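Taking it in order: structure first as structure tokens, then the write-up.
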Amino acid sequence: MRAVRGFSRGFHVLPGFNLTLGITLAWLAVIVLLPLSAVFLKAADLSLARFWEVVTAPRIVASYKLSFGASLAAAAINAVFGLMLAWSLVRYRFPGKRLVDALIDLPFALPTAVAGIALTALYAKTGWVGQYLDPFGIKVAFKPLGVLMALIFIGLPFVVRTVQPVLEDLDVELEEVAASLGAGRWRTFRHVILPVLLPALLTGFALAFARAVGEYGSVIFIAGNIPMLSEITPLMIITKLEQYDYVGATAVAVVMLLISFVLLFVINGLQAWTAKRTGRNR
Amino acid sequence: MSIQVRHINKRFGAFVALDDISLEFPTGELVALLGPSGCGKTTLLRIIAGLEQADSGQVLLEGEDASDTHVRERQVGFVFQHYALFRHMTVFDNVAFGMRMKARRANAQQIRDKVHKLLELVQLDWLADRFPAQLSGGQRQRIALARALAVEPRVLLLDEPFGALDAKVRKELRRWLRNLHDDLHITSIFVTHDQEEALEVADRVVLMNRGRVEQIGAPEEVWHHPGTPFVYSFLGAVNLFHGRADGGGVRVGEDVLPHASGGFADGEKVFAFARPHEIDIVPESGAGLPARIGRVLSFGLVSRIELDSLDEDGRHFEVELTRERFEAQGLAEGQVVRLVPSNLRVFVDEGAGI
């Protein structure tokens with residue numbers, strides 16, 4: 001595959017490369033870059049020292065740890081179980097398969113607040129599930145674990161839906177040939193299947209992670225929002241807004257934006273690297 | 001190593017893929033499983049490889065029952081029609097895969113030497129660092145073969161190995177596979193629906209139809225002495241005549257086609273085959289089956305003449321004459337002539353639908 005041929009004047013089936021590029025950039029600028037730069041501009045009202053003081057306040061730092069830690073953990077868990085789900089949906093036939101397939105998308109469609117309330121009802125100390133966990137000392141609701149649960153819930157479809165089409169294209173013959181060459185199940189998975197799935201899996205991971213970082217509605221109910229323990233960064237921003245501390249809110253937002261950008265950049269780089277290493281971009 | 005299959009049965013739902021198949025593949029032979037699509041040949045190959053389980057019956061490798069041996073342990077090399085190369089690995093890694101799986105701590109130097117030896121064998125050593133996507137179809141299939149040979153299989157099984165290639169490459173690879181087999185002498189079975197390929201490459205041909213074996217034999221044998229109507233019609237072009245046995249010939253409509261060996265009761269329903277080169281064309285006034293000349297294709301030494309029967313059922317015939325004979329006759333398109341088979345193979349018509 002060759003890279004996009006710049007501003008070439010070669011023949012194209014669909015004309016108008018310059019026009020499309022123009023529209024793309026203009027649209028991106030208005031929809032994405034403008035609001036984001038507004039955040040940076042607003043945050044620039046603060047002096048550097050004051051900015052640092054705001055964004056490194058202990059309560060805020062604790063929220064970063066929870067937000068990014070729980071999001072990464074949730075995305076990782078989703079990558080594993082999402083892959084299994086996608087695998088069973090693609091490879092096996094079982095009763096109710098179409099129903100399960102449809103259910104996967106539910107976290108996409110459900111208003112996040114509904115998800116939050118439902119999860120809280122389940123995992124609260126007196127909830128359907130929580131009452132059985134409580135005697136073992138496992139507390140989910142109003143703890144970081146609750147945050148993780150909510151983030152896993154909303155992130156699942158991203159992994160399943162990115163991996164599924166790649167799995168559907170994956171030939172069973174590859175597994176058969178690996179077996180005939182003496183590879184066991186684990187090695188077939190590790191050396192034959194996983195490398196092919198990895199780029200898609202990383203994309204799903206990145207999407208699930210990005211969604212989890214930005215999630216607010218479903219987390220806010222189950223987290224309990226105890227300072228230093230179960231407050232997520234988006235909540236800190238809202239709290240500051242409610243106190244009319246607009247500049248402080250944007251300062252935290254800037255930090256969040258930067259961390260997210262760096263992490264997504266790293267994930268995308270990783271993905272490009274795996275794709276290149278496996279000969280797809282040559 | 002010899003392969004035997006005994007009383008293999010396999011069904012897919014209501015469809016009978018293999019119906020009590022028993023075959024023997026002697027050591028060192030290259031055998032073709034030949035038949036139309038859906039005849040069960042690929043299923044049989046997959047059962048021998050261990051990729052599919054038979055409903056009943058046994059697969060014996062070197063006299064030992066291998067029916068319960070996993071494909072991993074059967075030591076068979078399997079080559080797929082669509083190559084099934086690992087597209088995320090280089091050619092080198094593809095070929096080395098089996099060796100790396102076999103020995104947990106494989107000696108890197110040994111592997112490198114062996115991979116290069118195999119790549120030299122398939123004449124593609126210069127492609128070692130490429131990825132499969134950068135190769136042509138013929139090159140991919142040769143790499144797939146090298147990969148299968150890397151684990152030193154006791155048997156080589158090829159499923160329509162040249163099916164996805166264009167005609168010229170296919171012909172080249174056929175000859176190449178034959179030469180390779182003459183060098184290695186590894187017991188090999190390949191599946192094909194292309195009769196020319198089977199006859200050209202194999203030591204022996206197993207003809208299959210509807211889950212059954214129709215005939216087994218050397219290529220010349222099955223070509224010259226087809227055992228069943230199916231084999232006759234499957235191997236090459238044929239002309240078919242429906243009629244009744246009548247004395248020393250076959251009566252088709254009002255005309256009698258002479259037939260050397262009788263042996264059929266008068267009036268018995270029969271059908272007869274003749275190859276295109278076994279029919280002569282004579283002027284309308286003579287004896288034989290009347291037909292009108294349609295298209296004439298004259299390339300090279302032979303002229304191929306397509307004819308239509310004069311009655312309503314509109315059967316087609318195909319006749320091959322040498323160019324001199326065709327020109328001496330002064331035949332033209334649209335002319336009505338008579339067909340006289342020089343050789344007929346007659347079968348009793350049991351309503352098999354042929």
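We name chains A, B, ... following the order of the structure tokens; residues begin at 1 in each chain, and ligands are numbered from 1 as shown.
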
Could you please tell me, as a ChimeraX atom specification, which residues of chain A have an atom within 9 Å of chain B when using only C-alpha atoms? /A:171,173-174,176-184,187,192,195-196,275,277-280,282

For those residues, write C-alpha atoms to a file as a PDB file, in the first residue's frame.
ATOM      1  CA  ASP A 171      -9.198 -17.434   8.048  1.00  0.00           C
ATOM      2  CA  GLU A 173      -7.108 -22.122   7.602  1.00  0.00           C
ATOM      3  CA  LEU A 174      -4.405 -20.116   9.379  1.00  0.00           C
ATOM      4  CA  GLU A 176      -5.263 -25.281  10.748  1.00  0.00           C
ATOM      5  CA  VAL A 177      -1.955 -24.694   9.053  1.00  0.00           C
ATOM      6  CA  ALA A 178      -0.373 -23.696  12.373  1.00  0.00           C
ATOM      7  CA  ALA A 179      -1.674 -26.903  13.942  1.00  0.00           C
ATOM      8  CA  SER A 180      -0.348 -29.003  11.074  1.00  0.00           C
ATOM      9  CA  LEU A 181       3.046 -27.379  11.640  1.00  0.00           C
ATOM     10  CA  GLY A 182       2.945 -28.536  15.240  1.00  0.00           C
ATOM     11  CA  ALA A 183       1.822 -25.398  17.061  1.00  0.00           C
ATOM     12  CA  GLY A 184      -0.325 -25.899  20.164  1.00  0.00           C
ATOM     13  CA  ARG A 187       1.269 -20.750  20.490  1.00  0.00           C
ATOM     14  CA  VAL A 192      -0.696 -16.493  14.533  1.00  0.00           C
ATOM     15  CA  PRO A 195      -0.388 -10.418  15.801  1.00  0.00           C
ATOM     16  CA  VAL A 196      -3.165 -10.084  13.245  1.00  0.00           C
ATOM     17  CA  ALA A 275       1.164  -2.568  11.765  1.00  0.00           C
ATOM     18  CA  ARG A 277       6.284  -4.627  12.004  1.00  0.00           C
ATOM     19  CA  THR A 278       3.756  -7.046  10.585  1.00  0.00           C
ATOM     20  CA  GLY A 279       4.222  -5.832   7.044  1.00  0.00           C
ATOM     21  CA  ARG A 280       0.929  -4.147   6.529  1.00  0.00           C
ATOM     22  CA  ARG A 282       4.815  -1.706   3.083  1.00  0.00           C
TER      23      ARG A 282
END

Identify, with DSSP run on backbone atoms, the residues in stretch 90-173 of chain B assigned to alpha helix (DSSP H), and express the list as a ChimeraX atom specification. /B:91-102,108-121,137-150,167-173

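Our summary of the geometry notes that atom CA of B:Leu310 is positioned 18.5 Å from atom CA of B:Pro276.
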
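Pairwise distance (atom CA of A:Trp128, atom CA of A:Leu145) equals 16.7 Å.
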
What are the DSSP strand (DSSP E) residues of stretch 209-328 of chain B, as a ChimeraX atom specification? /B:209,212-217,239-246,249-252,255-258,269-274,279-282,289-299,302-309,316-322

Closest of B:Val296, B:Ile21, B:Leu289, B:Leu124 to B:Ser136, counting only C-alpha atoms, is B:Leu124

Do you know which residues are at most 7 Å from stretch 84-87 of chain A counting only C-alpha atoms, after dropping those on the same chain fewer than 4 positions away, and could you put them as a list in words?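 The residues satisfying every condition are Val80, Arg91, Val160, Val163 and Gln164 of chain A.
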
Residue neighbourhood B:Asn209, 9 Å, only C-alpha atoms, exclusion window fewer than 5 positions, as an MDAnalysis selection string: chainID B and resid 34:41 214 230:231

Close residues, stretch 234-240 of chain A itself excluded, 12 Å, only C-alpha atoms, min 5 positions apart in chain, as number ranges by chain: A: 54-55, 57-64, 66-68, 212-221, 223-228, 245-257

What is the atom CA of A:Phe205 to atom CA of A:Ala79 distance in Å? 5.9 Å
